[in-house]
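Raw contents of input.json, JSON, C-alpha atoms:
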[["chain", "number", "residue", "atom", "x", "y", "z"],
["A", 219, "VAL", "CA", -40.45, 54.91, 29.44],
["A", 220, "ARG", "CA", -41.52, 55.97, 32.89],
["A", 221, "ILE", "CA", -44.82, 54.43, 33.91],
["A", 222, "THR", "CA", -44.76, 54.96, 37.63],
["A", 223, "ASN", "CA", -46.95, 57.68, 39.11],
["A", 224, "LEU", "CA", -45.62, 60.93, 40.52],
["A", 225, "LEU", "CA", -47.17, 61.58, 43.88],
["A", 226, "SER", "CA", -46.17, 61.98, 47.49],
["A", 227, "GLU", "CA", -46.46, 61.03, 51.12],
["A", 228, "LYS", "CA", -45.29, 59.44, 54.27],
["A", 229, "ARG", "CA", -44.91, 57.43, 57.47],
["A", 230, "ARG", "CA", -47.02, 54.97, 59.37],
["A", 231, "PRO", "CA", -46.66, 54.76, 63.13],
["A", 232, "THR", "CA", -46.06, 51.44, 64.84],
["A", 233, "THR", "CA", -48.47, 51.86, 67.75],
["A", 234, "THR", "CA", -51.13, 49.19, 68.12],
["A", 235, "ASN", "CA", -53.90, 51.78, 68.02],
["A", 236, "SER", "CA", -53.26, 52.57, 64.37],
["A", 237, "THR", "CA", -53.05, 49.00, 63.05],
["A", 238, "MET", "CA", -55.74, 46.38, 62.53],
["A", 239, "ASN", "CA", -55.22, 42.86, 61.25],
["A", 240, "PRO", "CA", -57.19, 41.72, 58.17],
["A", 241, "ILE", "CA", -59.71, 39.69, 60.21],
["A", 242, "LYS", "CA", -60.61, 42.70, 62.38],
["A", 243, "LEU", "CA", -60.90, 44.85, 59.27],
["A", 244, "VAL", "CA", -63.36, 42.42, 57.69],
["A", 245, "LEU", "CA", -65.41, 42.27, 60.87],
["A", 246, "ALA", "CA", -65.42, 46.05, 61.17],
["A", 247, "ALA", "CA", -66.50, 46.49, 57.56],
["A", 248, "ALA", "CA", -69.23, 43.86, 58.00],
["A", 249, "GLY", "CA", -70.48, 45.61, 61.13],
["A", 250, "LEU", "CA", -70.76, 48.89, 59.32],
["A", 251, "THR", "CA", -72.71, 47.23, 56.50],
["A", 252, "VAL", "CA", -75.21, 45.64, 58.89],
["A", 253, "ALA", "CA", -75.66, 48.89, 60.79],
["A", 254, "SER", "CA", -76.32, 50.82, 57.60],
["A", 255, "ALA", "CA", -79.15, 48.47, 56.67],
["A", 256, "PHE", "CA", -81.13, 49.66, 59.69],
["A", 257, "ALA", "CA", -80.14, 53.32, 59.56],
["A", 258, "PRO", "CA", -82.65, 55.89, 58.28],
["A", 259, "THR", "CA", -80.14, 57.18, 55.73],
["A", 260, "ALA", "CA", -77.25, 55.62, 53.83],
["A", 261, "LEU", "CA", -73.65, 55.98, 54.91],
["A", 262, "VAL", "CA", -72.77, 57.62, 51.60],
["A", 263, "THR", "CA", -74.52, 60.94, 51.11],
["A", 264, "ARG", "CA", -74.83, 62.49, 47.67],
["A", 265, "VAL", "CA", -76.01, 65.86, 46.51],
["A", 266, "SER", "CA", -76.96, 67.21, 43.13],
["A", 267, "PRO", "CA", -74.77, 70.04, 41.85],
["A", 268, "SER", "CA", -76.46, 73.11, 40.45],
["A", 269, "PRO", "CA", -77.02, 73.21, 36.67],
["A", 270, "ALA", "CA", -74.22, 75.74, 36.37],
["A", 271, "ARG", "CA", -71.75, 73.24, 37.82],
["A", 272, "ARG", "CA", -72.71, 70.15, 35.80],
["A", 273, "SER", "CA", -69.54, 68.39, 34.73],
["A", 274, "ALA", "CA", -67.96, 65.10, 33.86],
["A", 275, "LEU", "CA", -69.72, 63.59, 36.88],
["A", 276, "TYR", "CA", -73.07, 64.73, 35.50],
["A", 277, "MET", "CA", -72.33, 63.34, 32.08],
["A", 278, "VAL", "CA", -71.17, 59.95, 33.37],
["A", 279, "GLN", "CA", -73.73, 59.39, 36.07],
["A", 280, "GLY", "CA", -76.53, 60.55, 33.85],
["A", 281, "GLN", "CA", -78.43, 61.91, 36.85],
["A", 282, "GLY", "CA", -76.35, 64.87, 37.97],
["A", 283, "ASP", "CA", -75.28, 63.20, 41.22],
["A", 284, "SER", "CA", -71.84, 63.74, 42.74],
["A", 285, "TYR", "CA", -70.16, 62.96, 46.02],
["A", 286, "LYS", "CA", -70.51, 65.84, 48.45],
["A", 287, "LYS", "CA", -67.09, 65.70, 50.09],
["A", 288, "VAL", "CA", -64.16, 63.76, 48.64],
["A", 289, "PHE", "CA", -60.93, 62.97, 50.49],
["A", 290, "VAL", "CA", -57.87, 63.16, 48.22],
["A", 291, "ALA", "CA", -54.54, 61.62, 49.22],
["A", 292, "GLY", "CA", -51.68, 62.82, 47.06],
["A", 293, "GLY", "CA", -53.44, 66.04, 46.11],
["A", 294, "SER", "CA", -50.46, 68.39, 46.33],
["A", 295, "LYS", "CA", -48.96, 67.56, 42.93],
["A", 296, "GLY", "CA", -49.10, 65.35, 39.88],
["A", 297, "VAL", "CA", -52.33, 63.57, 39.02],
["A", 298, "GLY", "CA", -53.74, 64.20, 42.50],
["A", 299, "ARG", "CA", -53.41, 67.97, 42.18],
["A", 300, "ILE", "CA", -55.34, 67.97, 38.91],
["A", 301, "VAL", "CA", -57.95, 65.67, 40.48],
["A", 302, "VAL", "CA", -58.60, 68.36, 43.10],
["A", 303, "ASP", "CA", -59.37, 70.94, 40.40],
["A", 304, "LYS", "CA", -61.64, 68.58, 38.51],
["A", 305, "LEU", "CA", -63.57, 67.62, 41.64],
["A", 306, "LEU", "CA", -64.17, 71.29, 42.40],
["A", 307, "SER", "CA", -65.44, 71.82, 38.86],
["A", 308, "ALA", "CA", -67.75, 68.85, 39.41],
["A", 309, "GLY", "CA", -69.30, 70.54, 42.44],
["A", 310, "SER", "CA", -67.67, 68.45, 45.16],
["A", 311, "GLU", "CA", -65.91, 69.72, 48.25],
["A", 312, "VAL", "CA", -62.38, 68.41, 48.70],
["A", 313, "VAL", "CA", -60.38, 67.47, 51.78],
["A", 314, "ALA", "CA", -56.70, 67.08, 50.95],
["A", 315, "LEU", "CA", -54.03, 65.64, 53.24],
["A", 316, "VAL", "CA", -50.66, 67.21, 52.38],
["A", 317, "ARG", "CA", -47.24, 67.32, 54.01],
["A", 318, "SER", "CA", -46.00, 70.88, 53.55],
["A", 319, "ASP", "CA", -47.13, 74.29, 54.72],
["A", 320, "GLU", "CA", -46.70, 75.49, 51.15],
["A", 321, "ALA", "CA", -49.17, 72.89, 49.86],
["A", 322, "VAL", "CA", -51.61, 73.76, 52.65],
["A", 323, "GLY", "CA", -51.44, 77.41, 51.65],
["A", 324, "GLU", "CA", -51.89, 76.74, 47.94],
["A", 325, "LEU", "CA", -54.85, 74.41, 48.31],
["A", 326, "SER", "CA", -56.54, 76.37, 51.09],
["A", 327, "ALA", "CA", -56.71, 79.34, 48.73],
["A", 328, "LEU", "CA", -59.13, 77.36, 46.55],
["A", 329, "GLU", "CA", -62.82, 77.72, 47.39],
["A", 330, "GLY", "CA", -64.21, 74.34, 48.41],
["A", 331, "VAL", "CA", -60.90, 72.84, 49.57],
["A", 332, "THR", "CA", -59.94, 71.99, 53.14],
["A", 333, "ALA", "CA", -56.20, 71.33, 53.22],
["A", 334, "ILE", "CA", -54.88, 69.47, 56.27],
["A", 335, "LYS", "CA", -51.20, 69.11, 57.05],
["A", 336, "GLY", "CA", -50.34, 65.52, 57.84],
["A", 337, "ASP", "CA", -48.46, 62.43, 56.78],
["A", 338, "ALA", "CA", -49.98, 59.46, 54.96],
["A", 339, "PHE", "CA", -47.56, 57.22, 56.89],
["A", 340, "ASP", "CA", -49.44, 58.33, 60.02],
["A", 341, "TYR", "CA", -52.68, 56.33, 60.16],
["A", 342, "LYS", "CA", -54.31, 58.59, 62.74],
["A", 343, "ALA", "CA", -53.60, 61.65, 60.61],
["A", 344, "VAL", "CA", -55.26, 59.97, 57.63],
["A", 345, "GLU", "CA", -58.30, 58.88, 59.62],
["A", 346, "GLY", "CA", -58.74, 62.28, 61.24],
["A", 347, "ALA", "CA", -58.58, 64.11, 57.92],
["A", 348, "MET", "CA", -60.93, 61.68, 56.18],
["A", 349, "ASP", "CA", -63.63, 61.76, 58.85],
["A", 350, "GLY", "CA", -66.80, 63.29, 57.39],
["A", 351, "CYS", "CA", -66.02, 62.51, 53.75],
["A", 352, "ASP", "CA", -68.21, 60.26, 51.62],
["A", 353, "ALA", "CA", -65.68, 59.18, 48.97],
["A", 354, "VAL", "CA", -61.91, 58.70, 48.68],
["A", 355, "ILE", "CA", -59.41, 59.07, 45.85],
["A", 356, "THR", "CA", -55.80, 58.14, 46.51],
["A", 357, "THR", "CA", -53.01, 58.81, 44.03],
["A", 358, "LEU", "CA", -50.21, 58.25, 46.53],
["A", 359, "GLY", "CA", -46.91, 57.09, 45.10],
["A", 360, "GLY", "CA", -43.39, 58.16, 44.45],
["A", 361, "GLY", "CA", -41.26, 55.06, 44.46],
["A", 362, "HIS", "CA", -37.76, 55.34, 45.96],
["A", 363, "ASP", "CA", -38.33, 59.03, 46.71],
["A", 364, "SER", "CA", -41.08, 58.18, 49.19],
["A", 365, "ILE", "CA", -39.52, 55.54, 51.44],
["A", 366, "ASP", "CA", -39.45, 56.13, 55.19],
["A", 367, "GLU", "CA", -37.59, 53.62, 57.37],
["A", 368, "GLY", "CA", -38.03, 50.92, 54.77],
["A", 369, "LYS", "CA", -41.72, 51.66, 54.20],
["A", 370, "TRP", "CA", -43.08, 52.80, 50.84],
["A", 371, "VAL", "CA", -45.92, 55.27, 50.54],
["A", 372, "ASP", "CA", -47.08, 53.26, 47.53],
["A", 373, "TYR", "CA", -48.12, 50.53, 49.94],
["A", 374, "THR", "CA", -48.12, 51.86, 53.50],
["A", 375, "GLY", "CA", -49.69, 55.22, 52.69],
["A", 376, "ASN", "CA", -52.33, 53.72, 50.43],
["A", 377, "SER", "CA", -53.00, 50.96, 52.94],
["A", 378, "ASN", "CA", -53.60, 53.58, 55.64],
["A", 379, "VAL", "CA", -56.07, 55.37, 53.37],
["A", 380, "ILE", "CA", -57.93, 52.14, 52.58],
["A", 381, "GLU", "CA", -58.03, 51.07, 56.24],
["A", 382, "ALA", "CA", -59.30, 54.45, 57.38],
["A", 383, "ALA", "CA", -62.05, 54.34, 54.77],
["A", 384, "GLY", "CA", -63.13, 50.94, 56.05],
["A", 385, "ILE", "CA", -63.16, 52.06, 59.69],
["A", 386, "LEU", "CA", -65.06, 55.26, 58.94],
["A", 387, "GLY", "CA", -67.58, 53.61, 56.62],
["A", 388, "VAL", "CA", -66.49, 55.49, 53.51],
["A", 389, "THR", "CA", -67.57, 52.91, 50.98],
["A", 390, "ARG", "CA", -66.46, 54.59, 47.72],
["A", 391, "VAL", "CA", -62.72, 54.35, 47.04],
["A", 392, "VAL", "CA", -60.70, 54.96, 43.87],
["A", 393, "LEU", "CA", -57.08, 53.78, 44.02],
["A", 394, "VAL", "CA", -54.64, 54.92, 41.32],
["A", 395, "THR", "CA", -51.64, 52.60, 40.83],
["A", 396, "SER", "CA", -49.86, 51.72, 37.57],
["A", 397, "ILE", "CA", -49.82, 49.41, 34.58],
["A", 398, "GLY", "CA", -47.43, 46.64, 35.54],
["A", 399, "CYS", "CA", -49.30, 45.75, 38.73],
["A", 400, "GLY", "CA", -51.07, 42.44, 39.16],
["A", 401, "THR", "CA", -52.77, 41.14, 36.03],
["A", 402, "SER", "CA", -51.16, 43.86, 33.89],
["A", 403, "LYS", "CA", -47.58, 42.73, 34.62],
["A", 404, "ASP", "CA", -47.13, 41.10, 31.22],
["A", 405, "ALA", "CA", -48.20, 44.29, 29.44],
["A", 406, "THR", "CA", -45.03, 46.03, 30.60],
["A", 407, "PRO", "CA", -41.87, 45.61, 28.49],
["A", 408, "PRO", "CA", -39.40, 43.44, 30.45],
["A", 409, "SER", "CA", -36.73, 46.16, 30.53],
["A", 410, "VAL", "CA", -39.20, 48.66, 31.98],
["A", 411, "TYR", "CA", -40.59, 46.19, 34.48],
["A", 412, "GLU", "CA", -37.11, 45.38, 35.74],
["A", 413, "VAL", "CA", -36.49, 49.04, 36.56],
["A", 414, "LEU", "CA", -39.87, 49.52, 38.24],
["A", 415, "LYS", "CA", -40.44, 46.11, 39.82],
["A", 416, "ASP", "CA", -39.90, 47.25, 43.41],
["A", 417, "VAL", "CA", -42.38, 50.12, 43.31],
["A", 418, "LEU", "CA", -44.87, 48.07, 41.27],
["A", 419, "ALA", "CA", -44.71, 45.36, 43.94],
["A", 420, "GLN", "CA", -45.62, 47.94, 46.61],
["A", 421, "LYS", "CA", -48.52, 49.28, 44.56],
["A", 422, "GLN", "CA", -49.74, 45.75, 43.94],
["A", 423, "LYS", "CA", -49.74, 45.05, 47.68],
["A", 424, "ALA", "CA", -52.04, 48.06, 48.15],
["A", 425, "GLU", "CA", -54.33, 46.75, 45.40],
["A", 426, "ASN", "CA", -54.48, 43.36, 47.11],
["A", 427, "VAL", "CA", -55.51, 44.90, 50.42],
["A", 428, "LEU", "CA", -58.43, 46.64, 48.75],
["A", 429, "ILE", "CA", -59.51, 43.65, 46.69],
["A", 430, "LYS", "CA", -59.19, 40.93, 49.34],
["A", 431, "TYR", "CA", -60.31, 42.60, 52.55],
["A", 432, "TYR", "CA", -62.79, 45.30, 51.53],
["A", 433, "THR", "CA", -65.45, 43.29, 49.77],
["A", 434, "ASN", "CA", -68.25, 45.55, 51.06],
["A", 435, "MET", "CA", -66.71, 48.63, 49.43],
["A", 436, "ASN", "CA", -67.52, 50.07, 46.04],
["A", 437, "TRP", "CA", -63.89, 50.32, 44.93],
["A", 438, "THR", "CA", -62.21, 51.00, 41.61],
["A", 439, "ILE", "CA", -58.54, 50.55, 40.72],
["A", 440, "ILE", "CA", -57.10, 52.59, 37.86],
["A", 441, "ARG", "CA", -53.69, 51.71, 36.41],
["A", 442, "PRO", "CA", -52.28, 54.47, 34.17],
["A", 443, "GLY", "CA", -49.57, 53.87, 31.62],
["A", 444, "GLY", "CA", -46.51, 56.09, 31.20],
["A", 445, "LEU", "CA", -47.31, 59.55, 32.57],
["A", 446, "VAL", "CA", -46.73, 62.71, 30.56],
["A", 447, "SER", "CA", -47.10, 66.27, 31.89],
["A", 448, "GLU", "CA", -48.93, 67.99, 29.04],
["A", 449, "ALA", "CA", -52.40, 69.35, 28.40],
["A", 450, "GLU", "CA", -55.13, 66.73, 28.23],
["A", 451, "THR", "CA", -55.99, 65.31, 24.82],
["A", 452, "LYS", "CA", -59.45, 64.13, 25.93],
["A", 453, "LYS", "CA", -58.83, 60.98, 23.90],
["A", 454, "ALA", "CA", -57.60, 58.76, 26.72],
["A", 455, "ILE", "CA", -59.58, 55.66, 27.66],
["A", 456, "LEU", "CA", -60.09, 53.20, 30.46],
["A", 457, "THR", "CA", -59.99, 49.56, 29.45],
["A", 458, "GLU", "CA", -60.33, 46.11, 30.99],
["A", 459, "ASP", "CA", -57.63, 44.86, 28.61],
["A", 460, "THR", "CA", -54.84, 43.68, 30.94],
["A", 461, "MET", "CA", -52.34, 43.84, 28.08],
["A", 462, "ALA", "CA", -53.00, 47.52, 27.33],
["A", 463, "ILE", "CA", -49.83, 49.60, 27.33],
["A", 464, "GLY", "CA", -48.92, 53.13, 26.30],
["A", 465, "SER", "CA", -48.63, 56.69, 27.54],
["A", 466, "ILE", "CA", -51.18, 59.10, 28.97],
["A", 467, "HIS", "CA", -51.15, 62.72, 30.07],
["A", 468, "ARG", "CA", -51.60, 63.33, 33.79],
["A", 469, "ALA", "CA", -54.55, 65.64, 33.12],
["A", 470, "ASP", "CA", -56.32, 62.88, 31.19],
["A", 471, "VAL", "CA", -55.71, 60.42, 34.05],
["A", 472, "ALA", "CA", -57.27, 62.91, 36.47],
["A", 473, "ASN", "CA", -60.25, 63.35, 34.19],
["A", 474, "LEU", "CA", -60.81, 59.60, 33.94],
["A", 475, "VAL", "CA", -60.44, 59.18, 37.71],
["A", 476, "VAL", "CA", -63.13, 61.76, 38.44],
["A", 477, "GLU", "CA", -65.42, 60.30, 35.80],
["A", 478, "ALA", "CA", -64.90, 56.80, 37.18],
["A", 479, "LEU", "CA", -65.64, 58.00, 40.70],
["A", 480, "SER", "CA", -69.27, 58.65, 39.83],
["A", 481, "SER", "CA", -69.77, 55.95, 37.22],
["A", 482, "LYS", "CA", -72.08, 53.13, 38.24],
["A", 483, "ASN", "CA", -70.21, 50.77, 35.93],
["A", 484, "THR", "CA", -66.85, 50.89, 37.70],
["A", 485, "GLU", "CA", -67.75, 49.10, 40.95],
["A", 486, "LYS", "CA", -65.06, 46.54, 41.78],
["A", 487, "LYS", "CA", -63.34, 47.09, 38.44],
["A", 488, "VAL", "CA", -59.60, 47.10, 37.73],
["A", 489, "LEU", "CA", -58.98, 49.30, 34.70],
["A", 490, "SER", "CA", -55.92, 50.39, 32.73],
["A", 491, "ALA", "CA", -55.69, 53.97, 31.48],
["A", 492, "VAL", "CA", -53.94, 54.75, 28.18],
["A", 493, "ASP", "CA", -54.21, 57.26, 25.35],
["A", 494, "PRO", "CA", -54.40, 55.64, 21.91],
["A", 495, "SER", "CA", -53.67, 59.01, 20.29],
["A", 496, "ILE", "CA", -50.16, 59.19, 21.82],
["A", 497, "THR", "CA", -47.23, 57.37, 20.25],
["A", 498, "SER", "CA", -45.48, 55.30, 22.89],
["A", 499, "ALA", "CA", -42.17, 53.46, 22.74],
["A", 500, "ALA", "CA", -43.69, 50.89, 25.08],
["A", 501, "ASN", "CA", -46.31, 50.02, 22.47],
["A", 502, "THR", "CA", -44.17, 49.34, 19.44],
["A", 503, "GLU", "CA", -46.72, 46.89, 18.04],
["A", 504, "GLY", "CA", -49.43, 49.53, 17.96],
["A", 505, "ARG", "CA", -51.77, 47.46, 20.09],
["A", 506, "THR", "CA", -55.29, 48.87, 20.52],
["A", 507, "SER", "CA", -57.74, 48.15, 23.32],
["A", 508, "GLU", "CA", -61.50, 48.38, 23.65],
["A", 509, "ALA", "CA", -62.63, 51.35, 25.71],
["A", 510, "PHE", "CA", -64.52, 50.65, 28.92],
["A", 511, "ALA", "CA", -67.99, 52.22, 28.93],
["A", 512, "LEU", "CA", -68.34, 54.60, 31.88],
["A", 513, "ALA", "CA", -71.98, 55.39, 31.14]]
Would you kindly transcribe this structure into structure tokens?
Amino acid sequence: VRITNLLSEKRRPTTTNSTMNPIKLVLAAAGLTVASAFAPTALVTRVSPSPARRSALYMVQGQGDSYKKVFVAGGSKGVGRIVVDKLLSAGSEVVALVRSDEAVGELSALEGVTAIKGDAFDYKAVEGAMDGCDAVITTLGGGHDSIDEGKWVDYTGNSNVIEAAGILGVTRVVLVTSIGCGTSKDATPPSVYEVLKDVLAQKQKAENVLIKYYTNMNWTIIRPGGLVSEAETKKAILTEDTMAIGSIHRADVANLVVEALSSKNTEKKVLSAVDPSITSAANTEGRTSEAFALA
């Protein structure tokens, strides 16, 4: 059973300008919070989509509010690519950082998308692309296929995204990792964990950066189970059950990610994503989990 996420990205430079230690990051985030308290408007700007474009965001938020411009890392394929489509349907603009000219061309053809060629390993590229956005979704991953000079995009790329959000004052961040990280380690069958332990360790490091050093952010971590590339069932759930295990279609993950983005209930929540309607070899005991209420 393959429970790692299929995504993409890149390489972080080693110059001192693009790296901040955790203490500086905390101070920077604290400074932004204090400044926002005296500003005439909040750092995060929201707009109400027209009635014709009400969507999952409208249903979850209950007020029709959505984020105006969302930065997506990993938006060229997999879950991230579907996230882009769902954000557009929700009435948000999207800024996507992608590596290839082909991906730039494909995404730029979509109304409401600004596709920027760059590498998630390059902190400055991430920060430059994110500037002006009011929310972030990162689905970066790829395991052994995304290692550059010993660095994994699962950690380094995601860490760059998180750091840039903190520096720019983008306080809403959704990080997509995997069941098997952190508190969900024991949910993964031992044989599966053994195969994926290296990439799960990198994803967990990215989770820890967000949890430990970005306390002023409204963050959410979503850990999908085994990913399947089929049409959404619309029966998938988010759950706080750390022992939840199973499969889930990529389209359903994307749907849950976009719903969670605008849900007031997901602040500082770590949630697993599974589909109880799908038979999974990883869940031979037929374990069920209570669904997390997004609204």
| task | Between A:Ile355, A:Val288, A:Val492, A:Ile300, single out the one closest to Thr332 of chain A, counting all atoms listed in the file. | result |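 For Thr332 of chain A, the nearest of the candidates is A:Val288.
Among the candidates A:Leu428, A:Val290, A:Leu358, A:Ala343, the residue lying nearest to Thr395 of chain A is A:Leu358 (atoms considered: all atoms listed in the file).
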| request: Provide the atom CA of Ser480 of chain A to atom CA of Gly444 of chain A distance in Å, to one decimal place. | output: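 Between atom CA of Ser480 of chain A and atom CA of Gly444 of chain A the gap is 24.5 Å.
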| query | What is the distance, in Å and to one decimal place, between atom CA of Ala382 of chain A and atom CA of Ala472 of chain A? | reply | 22.6 Å
| message | My list of candidates is A:Lys423, A:Lys342, A:Lys369, A:Arg299. Which is closest to Leu386 of chain A when distances are computed with all atoms listed in the file? | response |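 Of all the options, A:Lys342 lies closest to Leu386 of chain A.
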| query | Leaving out Phe510 of chain A and any residue of its chain fewer than 6 positions from it, which residues lie within 12 Å of it when counting all atoms listed in the file, given as a list of chain:residue names? | reply |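 Here the answer would be A:Ile440, A:Ala454, A:Ile455, A:Leu456, A:Thr457, A:Glu458, A:Asp459, A:Leu474, A:Glu477, A:Ala478, A:Ser481, A:Asn483, A:Thr484, A:Lys487, A:Val488, A:Leu489, A:Ser490, A:Ala491, A:Val492.
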| task | Find the residues with any atom within 10 Å of (-46.8, 41.5, 26.2); use only C-alpha atoms and the coordinates as given in the file, and write the answer as a PyMOL selection string. | result | chain A and resi 402-408+460-463+500-501+503+505
Export of prior selection with C-alpha atoms as a compact mmCIF listing (two decimals), in the frame of the given file:
# COMPACT_ATOMS: atom_id res chain seq x y z
CA SER A 402 -51.16 43.86 33.89
CA LYS A 403 -47.58 42.73 34.62
CA ASP A 404 -47.13 41.10 31.22
CA ALA A 405 -48.20 44.29 29.44
CA THR A 406 -45.03 46.03 30.60
CA PRO A 407 -41.87 45.61 28.49
CA PRO A 408 -39.40 43.44 30.45
CA THR A 460 -54.84 43.68 30.94
CA MET A 461 -52.34 43.84 28.08
CA ALA A 462 -53.00 47.52 27.33
CA ILE A 463 -49.83 49.60 27.33
CA ALA A 500 -43.69 50.89 25.08
CA ASN A 501 -46.31 50.02 22.47
CA GLU A 503 -46.72 46.89 18.04
CA ARG A 505 -51.77 47.46 20.09
| Option closest in space to Leu315 of chain A, from A:Gly296, A:Pro442, A:Gly330, A:Gly346 [counting all atoms listed in the file] |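 For Leu315 of chain A, the nearest of the candidates is A:Gly346.
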| query | To one decimal place, how far is atom CA of Asp319 of chain A from atom CA of Asp337 of chain A in Å? | reply | 12.1 Å
| task | Rank nothing, just name the residue among A:Lys486, A:Ser377, A:Gly387, A:Asn473 nearest to Ile429 of chain A, using only C-alpha atoms. | result | A:Lys486
| field | Sel. within 8 Å of pt (-66.2, 65.0, 53.0), counting all atoms listed in the file, output as number ranges by chain | value | A: 286-289, 311-313, 348-353
| said: Need the shell around Val297 of chain A: protein/DNA/RNA residues with any atom at most 12 Å away, counting all atoms listed in the file. Skip same-chain ones fewer than 2 positions apart. Format as a PyMOL selection string? | reply: chain A and resi 222-226+290-295+299-304+355-360+393-395+442+445-448+450+466-476
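The shortest atom-to-atom distance to Thr374 of chain A, with only C-alpha atoms taken into account, belongs to A:Asp340 out of A:Thr401, A:Arg390, A:Asp340, A:Thr451.
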